[in-house]
Amino acid sequence: MSNPPHATEAGKTFLGHPRGLFMLFFAEMWERFSYYGMRALLVLYLTKHWLFSDGDASMVYGAYTALVYITPVIGGYLADKYLGQRKAVLYGAVLLVIGHFLMGFEGSGDQGSPAMNAFWLALAFIIVGSGFLKANISVMVGQLYPRTDVRRDGAYTIFYMGINLGAFLGSLLCGYLGETYGWKYGFGAAGVGMLLGLIVFVVGKPLLEGNGESSNPVKLRERVAGIPFEWTLYLLGIAIVAACWWMVQNQQIVGWALGIFGAILLLYVVALAVFKLPYGSFEAAPRMAFSLFLLGGAAVVASLAVILITAGALPVLIWLAIGGLILAIGIVVHQFVIKRDEVRDRIFAAMILMIGSVLFWALFEQAGSSLNLYTDRYVDRNMLGWEVPASMFQSINAMYIILLAPFFAMLWTWLGKRGLEPSAPAKFGLAMIQLGFGFLVLVAGAAGVATGNMTPVLFIFLIYLLHTTGELCLSPVGLSAMNRLAPAHLASLIMGCWFFASATGNFVAGLIAAATGSEAASGEDAAQQVVLDVYSTVGWVAVAVGVGFILVSPLIRKLMHLDTLKDDEVPGQAELAEPAAGGIDPTGQRRV
């Protein structure tokens, strides 16, 4: 019997990895070129061109970056349920091209001009485009490997290096063009980069070997109101663009959405892990326990919603939330005692890692807001007789990752072969410690010069070095852990939850920058010392949390059950009459 057409491609590798990895590498590289090129300019553009206050600019930045990480939950769900990862990424790339080119309409700087609305609309397109692309392209990397393949962490590190090659080039080129020749040239360059990413993804489709296709192609062809269901989903995406256009202008709404939707999402994932997966369905789960869990969860969500929207914490609401939380946790603990389930345990391990990532990103993402403004105002940026634009320093983090990612990939492999590799939770702890030390080094460097003098640029390079080594211990490892710990049919949802945790961290980063690194700390009338005091505090907090993570890492590792992890069967092979229904030759590698 002859193999499917793509089967002849399945065994071909480059540098020991499937060739599709490198196609995804280049597609994501150009997408990140556009995103980070725009990100490097955003806060400076808001404060210098649109004349936003530091506080307002930081809140816009926090709301925007938070929404960029929230929308993958929606994009991941639609990809899992209907579109498949490939079509979701393609649609997201189209929206991103539109958004980045809209950023080129800079206008006169009058906040009442039509160009201001074009700016908000551009952010909305980029937010939704990222939602469809971000979680799903990461999942496609995992689909190229069996779940137990030792190359997975290395593959994600290579992929992450591609992200940062794009970020490095984007921050340098777009930052230089934007601050030197005009904002529209910097944003225009970002749009060209995204267009190149779209072209690479379309041309490189055969290298995916059938991965990432829809699990329900018949449903996509069904007609709803006279149009294919697939196009209904694309129209839904446009409706989400309109919603984001409104929310990014009303940043408080984003905070409400994070709190309320985050609580609902957490409730849903815990319900899946505790009741649906162990018992096969919600209907088969113990009715009393499930009902009490939902009652407790509903009390928490309702109380939280009223507190956030009314900005008032009445004692009755606080006690209602506490009571609901105790009830829900009690039911979960009871289920852990009476029924063992390894899939459930892995999802809980993933959620613990997500919680740790919130603090990491809340502090790490000061780079684009308060640290960006600090560099612009308080750092001696004169290098070889040229005052380097502040936005270009955003490329340092990416430069370090390009240099260090291969080393970390080899390090984990070398340690893994000798049984010495730290567990994912331990790596998270190491990441936190290095993040904290980065802030403390900058504080020490600024304190070492005379009062009123500019901070030596060396310490900007040092803070980014320590933050980068921390990031390499957390982000690619976290991506790999999410994909490995999640059941195949929930892969994009769990990856979306990972990005939702990042969204929460990004919004908190905006709050920190607005409260301390902006008018109160980074504004022209504020003392530089206020910023340094805040950085000292968060630095020590990060170190303490990191030590705590290392201490509890054996318990989290036990929940991961790595010793019994198995590859999934090919999706669709049992249900359909075609052996290749899962999208890849089942006689070779398995799709996850």
# chains A, B, ... in the order shown; residues from 1 in each chain; ligands from 1
$ closest_atom_pairs --of "region 464-554 of chain A" --to "region 156-172 of chain A" --cutoff "8 Å" --atoms "only C-alpha atoms" --output "Markdown table"
| residue | atom | partner | partner_atom | distance |
| --- | --- | --- | --- | --- |
| A:Pro476 | CA | A:Thr157 | CA | 5.6 |
| A:Val477 | CA | A:Tyr156 | CA | 7.6 |
| A:Leu479 | CA | A:Tyr156 | CA | 7.3 |
| A:Ser480 | CA | A:Tyr156 | CA | 6.5 |
$ residues_around --residues "Ala350 (chain A)" --least-positions-apart "4" --cutoff "9 Å" --atoms "only C-alpha atoms" --output "PDB file with N, CA and C atoms, in the first residue's frame"
ATOM      1  N   ASP A 345      -4.088  15.634  37.760  1.00  0.00           N
ATOM      2  CA  ASP A 345      -2.919  16.135  38.483  1.00  0.00           C
ATOM      3  C   ASP A 345      -2.036  16.981  37.578  1.00  0.00           C
ATOM      4  N   ARG A 346      -1.856  16.548  36.341  1.00  0.00           N
ATOM      5  CA  ARG A 346      -1.010  17.312  35.410  1.00  0.00           C
ATOM      6  C   ARG A 346      -1.593  18.691  35.129  1.00  0.00           C
ATOM      7  N   MET A 354       1.350  28.370  35.892  1.00  0.00           N
ATOM      8  CA  MET A 354       0.729  29.590  35.364  1.00  0.00           C
ATOM      9  C   MET A 354       0.692  30.693  36.422  1.00  0.00           C
ATOM     10  N   ILE A 355       0.350  30.328  37.647  1.00  0.00           N
ATOM     11  CA  ILE A 355       0.284  31.321  38.726  1.00  0.00           C
ATOM     12  C   ILE A 355       1.656  31.943  38.952  1.00  0.00           C
ATOM     13  N   GLY A 478       8.084  26.834  30.021  1.00  0.00           N
ATOM     14  CA  GLY A 478       6.651  26.895  30.311  1.00  0.00           C
ATOM     15  C   GLY A 478       5.815  26.492  29.119  1.00  0.00           C
ATOM     16  N   ALA A 481       6.045  22.786  28.849  1.00  0.00           N
ATOM     17  CA  ALA A 481       5.307  22.112  29.925  1.00  0.00           C
ATOM     18  C   ALA A 481       3.811  22.152  29.681  1.00  0.00           C
ATOM     19  N   MET A 482       3.291  23.293  29.185  1.00  0.00           N
ATOM     20  CA  MET A 482       1.852  23.380  28.915  1.00  0.00           C
ATOM     21  C   MET A 482       1.447  22.351  27.869  1.00  0.00           C
ATOM     22  N   LEU A 485       1.819  18.690  29.389  1.00  0.00           N
ATOM     23  CA  LEU A 485       0.919  18.311  30.477  1.00  0.00           C
ATOM     24  C   LEU A 485      -0.547  18.279  30.064  1.00  0.00           C
ATOM     25  N   ALA A 486      -0.907  19.006  28.991  1.00  0.00           N
ATOM     26  CA  ALA A 486      -2.310  19.084  28.580  1.00  0.00           C
ATOM     27  C   ALA A 486      -2.720  17.860  27.775  1.00  0.00           C
ATOM     28  N   ILE A 494      -5.348  24.939  27.109  1.00  0.00           N
ATOM     29  CA  ILE A 494      -4.359  25.072  28.174  1.00  0.00           C
ATOM     30  C   ILE A 494      -3.281  26.078  27.779  1.00  0.00           C
ATOM     31  N   TRP A 498      -2.244  29.643  29.577  1.00  0.00           N
ATOM     32  CA  TRP A 498      -0.879  30.107  29.849  1.00  0.00           C
ATOM     33  C   TRP A 498      -0.731  31.568  29.419  1.00  0.00           C
ATOM     34  N   ILE A 556       5.356  19.773  43.146  1.00  0.00           N
ATOM     35  CA  ILE A 556       4.755  20.069  41.840  1.00  0.00           C
ATOM     36  C   ILE A 556       5.172  19.008  40.823  1.00  0.00           C
ATOM     37  N   MET A 560       3.089  16.119  38.175  1.00  0.00           N
ATOM     38  CA  MET A 560       3.263  16.053  36.720  1.00  0.00           C
ATOM     39  C   MET A 560       3.266  14.617  36.193  1.00  0.00           C
TER      40      MET A 560
END
$ atom_distance --atom1 "CA of Gly210 (chain A)" --atom2 "CA of Tyr82 (chain A)"
15.9 Å
$ atom_distance --atom1 "CA of Val530 (chain A)" --atom2 "CA of Ala447 (chain A)"
12.4 Å
$ select_by_dssp --residues "region 182-372 of chain A" --states "helix (DSSP H, G or I)" --output "PyMOL selection string"
chain A and resi 183-203+205-208+217-221+229-247+251-279+287-310+315-338+342-368+370-372
$ residues_around --residues "Leu121 (chain A)" --least-positions-apart "5" --cutoff "12 Å" --atoms "only C-alpha atoms" --output "PDB file with N, CA and C atoms, in the first residue's frame"
ATOM      1  N   TYR A  64      -3.339  47.113  26.516  1.00  0.00           N
ATOM      2  CA  TYR A  64      -3.050  46.562  25.188  1.00  0.00           C
ATOM      3  C   TYR A  64      -2.317  45.225  25.286  1.00  0.00           C
ATOM      4  N   LEU A  95      -5.148  39.680   9.979  1.00  0.00           N
ATOM      5  CA  LEU A  95      -5.571  40.775  10.853  1.00  0.00           C
ATOM      6  C   LEU A  95      -4.372  41.603  11.326  1.00  0.00           C
ATOM      7  N   LEU A  96      -3.270  40.934  11.599  1.00  0.00           N
ATOM      8  CA  LEU A  96      -2.077  41.640  12.065  1.00  0.00           C
ATOM      9  C   LEU A  96      -1.512  42.562  10.987  1.00  0.00           C
ATOM     10  N   ILE A  98      -3.181  44.089   8.676  1.00  0.00           N
ATOM     11  CA  ILE A  98      -4.065  45.268   8.639  1.00  0.00           C
ATOM     12  C   ILE A  98      -3.745  46.208   9.802  1.00  0.00           C
ATOM     13  N   GLY A  99      -3.614  45.656  10.990  1.00  0.00           N
ATOM     14  CA  GLY A  99      -3.371  46.467  12.175  1.00  0.00           C
ATOM     15  C   GLY A  99      -2.068  47.232  12.120  1.00  0.00           C
ATOM     16  N   HIS A 100      -0.997  46.561  11.717  1.00  0.00           N
ATOM     17  CA  HIS A 100       0.302  47.233  11.705  1.00  0.00           C
ATOM     18  C   HIS A 100       0.358  48.345  10.662  1.00  0.00           C
ATOM     19  N   PHE A 101      -0.283  48.158   9.531  1.00  0.00           N
ATOM     20  CA  PHE A 101      -0.277  49.228   8.536  1.00  0.00           C
ATOM     21  C   PHE A 101      -1.154  50.404   8.975  1.00  0.00           C
ATOM     22  N   LEU A 102      -2.212  50.127   9.734  1.00  0.00           N
ATOM     23  CA  LEU A 102      -3.028  51.224  10.267  1.00  0.00           C
ATOM     24  C   LEU A 102      -2.231  52.092  11.251  1.00  0.00           C
ATOM     25  N   MET A 103      -1.229  51.504  11.919  1.00  0.00           N
ATOM     26  CA  MET A 103      -0.405  52.271  12.844  1.00  0.00           C
ATOM     27  C   MET A 103       0.371  53.379  12.136  1.00  0.00           C
ATOM     28  N   GLY A 104       0.511  53.272  10.824  1.00  0.00           N
ATOM     29  CA  GLY A 104       1.258  54.278  10.072  1.00  0.00           C
ATOM     30  C   GLY A 104       0.545  55.612   9.962  1.00  0.00           C
ATOM     31  N   PHE A 105      -0.763  55.668  10.284  1.00  0.00           N
ATOM     32  CA  PHE A 105      -1.518  56.931  10.222  1.00  0.00           C
ATOM     33  C   PHE A 105      -1.342  57.665  11.556  1.00  0.00           C
ATOM     34  N   PRO A 114      -9.162  62.293  13.729  1.00  0.00           N
ATOM     35  CA  PRO A 114      -9.532  60.953  13.251  1.00  0.00           C
ATOM     36  C   PRO A 114      -8.382  59.954  13.355  1.00  0.00           C
ATOM     37  N   ALA A 115      -7.148  60.437  13.286  1.00  0.00           N
ATOM     38  CA  ALA A 115      -6.006  59.532  13.380  1.00  0.00           C
ATOM     39  C   ALA A 115      -5.954  58.822  14.736  1.00  0.00           C
ATOM     40  N   MET A 116      -6.512  59.473  15.756  1.00  0.00           N
ATOM     41  CA  MET A 116      -6.556  58.834  17.065  1.00  0.00           C
ATOM     42  C   MET A 116      -7.430  57.587  17.023  1.00  0.00           C
ATOM     43  N   ILE A 126      -4.432  44.332  15.935  1.00  0.00           N
ATOM     44  CA  ILE A 126      -3.241  43.613  16.381  1.00  0.00           C
ATOM     45  C   ILE A 126      -3.573  42.693  17.548  1.00  0.00           C
ATOM     46  N   ILE A 127      -4.412  43.151  18.446  1.00  0.00           N
ATOM     47  CA  ILE A 127      -4.812  42.330  19.599  1.00  0.00           C
ATOM     48  C   ILE A 127      -5.491  41.042  19.144  1.00  0.00           C
ATOM     49  N   VAL A 128      -6.493  41.160  18.277  1.00  0.00           N
ATOM     50  CA  VAL A 128      -7.246  39.978  17.854  1.00  0.00           C
ATOM     51  C   VAL A 128      -6.400  39.090  16.947  1.00  0.00           C
ATOM     52  N   ILE A 238     -14.044  39.715  13.537  1.00  0.00           N
ATOM     53  CA  ILE A 238     -14.201  41.155  13.297  1.00  0.00           C
ATOM     54  C   ILE A 238     -15.015  41.798  14.418  1.00  0.00           C
ATOM     55  N   ILE A 240     -15.014  40.816  17.482  1.00  0.00           N
ATOM     56  CA  ILE A 240     -14.103  40.912  18.619  1.00  0.00           C
ATOM     57  C   ILE A 240     -13.165  42.102  18.446  1.00  0.00           C
ATOM     58  N   VAL A 241     -12.788  42.403  17.205  1.00  0.00           N
ATOM     59  CA  VAL A 241     -11.983  43.602  16.940  1.00  0.00           C
ATOM     60  C   VAL A 241     -12.713  44.847  17.434  1.00  0.00           C
ATOM     61  N   ALA A 242     -14.024  44.932  17.127  1.00  0.00           N
ATOM     62  CA  ALA A 242     -14.814  46.087  17.570  1.00  0.00           C
ATOM     63  C   ALA A 242     -14.853  46.174  19.090  1.00  0.00           C
ATOM     64  N   ALA A 243     -14.987  45.025  19.755  1.00  0.00           N
ATOM     65  CA  ALA A 243     -15.017  45.019  21.223  1.00  0.00           C
ATOM     66  C   ALA A 243     -13.675  45.482  21.794  1.00  0.00           C
ATOM     67  N   CYS A 244     -12.584  45.019  21.200  1.00  0.00           N
ATOM     68  CA  CYS A 244     -11.256  45.416  21.679  1.00  0.00           C
ATOM     69  C   CYS A 244     -10.987  46.894  21.416  1.00  0.00           C
ATOM     70  N   TRP A 245     -11.507  47.415  20.315  1.00  0.00           N
ATOM     71  CA  TRP A 245     -11.385  48.852  20.015  1.00  0.00           C
ATOM     72  C   TRP A 245     -11.978  49.678  21.155  1.00  0.00           C
ATOM     73  N   TRP A 246     -13.095  49.211  21.701  1.00  0.00           N
ATOM     74  CA  TRP A 246     -13.731  49.910  22.815  1.00  0.00           C
ATOM     75  C   TRP A 246     -12.962  49.702  24.111  1.00  0.00           C
ATOM     76  N   MET A 247     -12.535  48.462  24.374  1.00  0.00           N
ATOM     77  CA  MET A 247     -11.893  48.156  25.655  1.00  0.00           C
ATOM     78  C   MET A 247     -10.531  48.817  25.804  1.00  0.00           C
ATOM     79  N   VAL A 248      -9.759  48.897  24.714  1.00  0.00           N
ATOM     80  CA  VAL A 248      -8.422  49.464  24.843  1.00  0.00           C
ATOM     81  C   VAL A 248      -8.490  50.963  25.142  1.00  0.00           C
ATOM     82  N   GLN A 249      -9.635  51.579  24.830  1.00  0.00           N
ATOM     83  CA  GLN A 249      -9.842  52.983  25.189  1.00  0.00           C
ATOM     84  C   GLN A 249     -10.386  53.137  26.609  1.00  0.00           C
TER      85      GLN A 249
END
$ residues_around --residues "Ile199 (chain A)" --least-positions-apart "3" --cutoff "10 Å" --atoms "only C-alpha atoms" --output "count of residues only"
10
$ atom_distance --atom1 "CA of Ser391 (chain A)" --atom2 "CA of Lys184 (chain A)"
14.7 Å
$ residues_around --residues "region 257-261 of chain A" --least-positions-apart "2" --cutoff "12 Å" --atoms "only C-alpha atoms" --output "ChimeraX atom specification"
/A:62-63,66-67,69-71,73-74,243-244,247-248,250-255,263-268,297-309,497,500-508
$ residues_around --residues "Ser58 (chain A)" --least-positions-apart "2" --cutoff "8 Å" --atoms "only C-alpha atoms" --output "list of chain:residue names"
A:Val43, A:Asp54, A:Gly55, A:Asp56, A:Val60, A:Tyr61, A:Gly62, A:Ser369, A:Ser370, A:Gly510, A:Leu511, A:Ala513, A:Ala514, A:Ser518
$ residues_around --residues "Met23 (chain A)" --least-positions-apart "4" --cutoff "9 Å" --atoms "only C-alpha atoms" --output "ChimeraX atom specification"
/A:19,27-28,200-201,204-205,207-208
$ write_last_selection --atoms "C-alpha atoms" --output "PDB file, in the first residue's frame"
ATOM      1  CA  ARG A  19      11.711  20.897   8.725  1.00  0.00           C
ATOM      2  CA  ALA A  27       6.943  32.834  10.196  1.00  0.00           C
ATOM      3  CA  GLU A  28       6.969  33.647  13.903  1.00  0.00           C
ATOM      4  CA  VAL A 200       6.376  32.532   4.754  1.00  0.00           C
ATOM      5  CA  PHE A 201       3.501  30.726   6.472  1.00  0.00           C
ATOM      6  CA  GLY A 204       5.621  26.774   3.836  1.00  0.00           C
ATOM      7  CA  LYS A 205       2.327  24.919   4.343  1.00  0.00           C
ATOM      8  CA  LEU A 207       6.294  21.404   5.659  1.00  0.00           C
ATOM      9  CA  LEU A 208       3.603  21.068   8.331  1.00  0.00           C
TER      10      LEU A 208
END
$ closest_residue --among "A:Gly323, A:Pro315, A:Gly37, A:Gly429" --to "Leu295 (chain A)" --atoms "only C-alpha atoms"
A:Gly323
$ select_by_dssp --residues "region 45-285 of chain A" --states "strand (DSSP E or B)" --output "list in words"
Arg223, Val224, Ile227 and Pro228 of chain A
$ closest_residue --among "A:Gly452, A:Gly385, A:Gly419, A:Gly470" --to "Leu363 (chain A)" --atoms "only C-alpha atoms"
A:Gly470
